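Asks: What follows is a structure written as structure tokens; I'll ask about it next.
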Amino acid sequence: MDRRVGRAVEAWLEWVSRWEPAAYRGRSRICRRCTGSPVLIASGIPAGTPHQVKHALVSRVQRIVDKVVDDYTEEHLPMLHAELRGADMWRVGGYDPAAGLDPEYDGLDPDPEPTEAGQPFLFTLAGLAAEVQPEEPLPRPPLSAEEKQQLRREIELADLRAADVGNEVCFALMGHRPRIEAAIERFVEPQVRAMLDELSRNLEPPA
Ligand SMILES: [Zn+2]
């Protein structure tokens, strides 16, 4: 786990050294992945850091947790695994705008807010995805009472495993705090300060 988290941090450090606010857009919607994330707290990233920078790290670390829980599910939780496989098969062939994205964009809304540009978009990626979505396969026979119970138990086990792995990655991440904080200080802070200066200059009344 330490090694995996270390690799994720390395990749993020590499990415953040090239970060520019030009690629950064403020978002008014609350990000479900980052809000209250224990990963963020463990990372030591200051609260005022731009969301994109925080999100990039949270996503990379989240991928580690997801992978471990997926592997565990595949190996030990046959019913849940079958359920998830069924859900995946339904997506096959459709266009998923969120598929294959770099971790920096993982979990972000693929479309900008329509009101942001002041004009509605002619089409959106989400709309396109809805159009090319294959038809839902015929519903399969309902689960028996025992099967439902088994599925609930397996979901519980998967949740427990996810919580355990989450704790492990947070603990491992805390060892990287100094490097993470130094990278924010070096690559992000000066750019944020420059943006704020620029903003306050523009707000000054003309002499
Ligand atoms: Zn986020």
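Identifiers for the structure tokens are assigned positionally: chains receive A, B, ... in sequence, residues are indexed from 1 per chain, and ligands are indexed from 1 in the order shown.
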Collect all residues with atoms no farther than 8 Å from ligand 1, counting only C-alpha atoms and all ligand atoms, and output them as a list in words.
Replies: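 Selection of residues at most 8 Å from ligand 1: Ile30, Cys31, Arg32, Arg33, Cys34, Thr35, His51, Gln52, Lys54, His55, Ala56, Val58, Ser59, Gly107 and Leu108 of chain A.
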Asks: For those residues, write C-alpha atoms to a file as a CSV table (one decimal), in the first residue's frame.
Replies:
chain,number,residue,atom,x,y,z
A,30,ILE,CA,-19.9,21.0,-4.9
A,31,CYS,CA,-17.6,18.1,-5.7
A,32,ARG,CA,-18.8,14.9,-4.1
A,33,ARG,CA,-15.4,13.3,-4.3
A,34,CYS,CA,-13.5,16.1,-2.5
A,35,THR,CA,-16.0,17.5,-0.1
A,51,HIS,CA,-10.1,22.5,-6.4
A,52,GLN,CA,-8.4,21.1,-9.6
A,54,LYS,CA,-6.9,18.9,-4.8
A,55,HIS,CA,-9.1,16.8,-7.0
A,56,ALA,CA,-6.1,15.5,-9.0
A,58,VAL,CA,-7.9,12.7,-4.4
A,59,SER,CA,-8.7,11.0,-7.7
A,107,GLY,CA,-15.2,12.5,-11.3
A,108,LEU,CA,-15.6,16.0,-12.6
Asks: Restricting the calculation to only C-alpha atoms, which member of A:Glu198, A:Leu173, A:Val188, A:Glu146 is positioned closest to Gly48 in chain A?
Replies: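 When distances to Gly48 in chain A are compared using only C-alpha atoms, the smallest one comes from A:Val188.
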Asks: When you look at Val16 in chain A with a cut-off of 8 Å (counting only C-alpha atoms), what residues show up, excluding the ones that are within fewer than 4 positions of it in the same chain? I need them as number ranges by chain.
Replies: A: 12, 53, 183-184, 187-188
Asks: Quick one: pull the distance between CA of Ala8 in chain A and CA of Glu104 in chain A, Å, one decimal.
Replies: 11.8 Å
Asks: Would you pick out the contacts of Ile41 in chain A at 12 Å or less, using only C-alpha atoms, so that residues sharing its chain but fewer than 3 positions from it are not included, and give the list as a PyMOL selection string?
Replies: chain A and resi 34-38+44-47+54+57-58+167+169-171+173-174+177+180-181
Asks: Excluding Tyr72 in chain A and its own-chain neighbours fewer than 5 positions away, which residues fall within 9 Å of it when counting only C-alpha atoms? Please give them as number ranges by chain.
Replies: A: 67, 77, 158, 161
Asks: Do a neighbour search on Leu151 in chain A at 9 Å with only C-alpha atoms, toss out local chain neighbours closer than 2 positions, and write the hits as an NGL selection string.
Replies: :A and (77-80 or 83 or 146-149 or 153-156)
Asks: Quote the spacing between CA of Pro205 in chain A and CA of Glu20 in chain A in Å to one decimal place.
Replies: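 Computing the Euclidean distance for CA of Pro205 in chain A and CA of Glu20 in chain A yields 28.4 Å.
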Asks: Expressed in Å to a single decimal, how great is the separation between CA of Pro103 in chain A and CA of Arg63 in chain A?
Replies: 8.2 Å
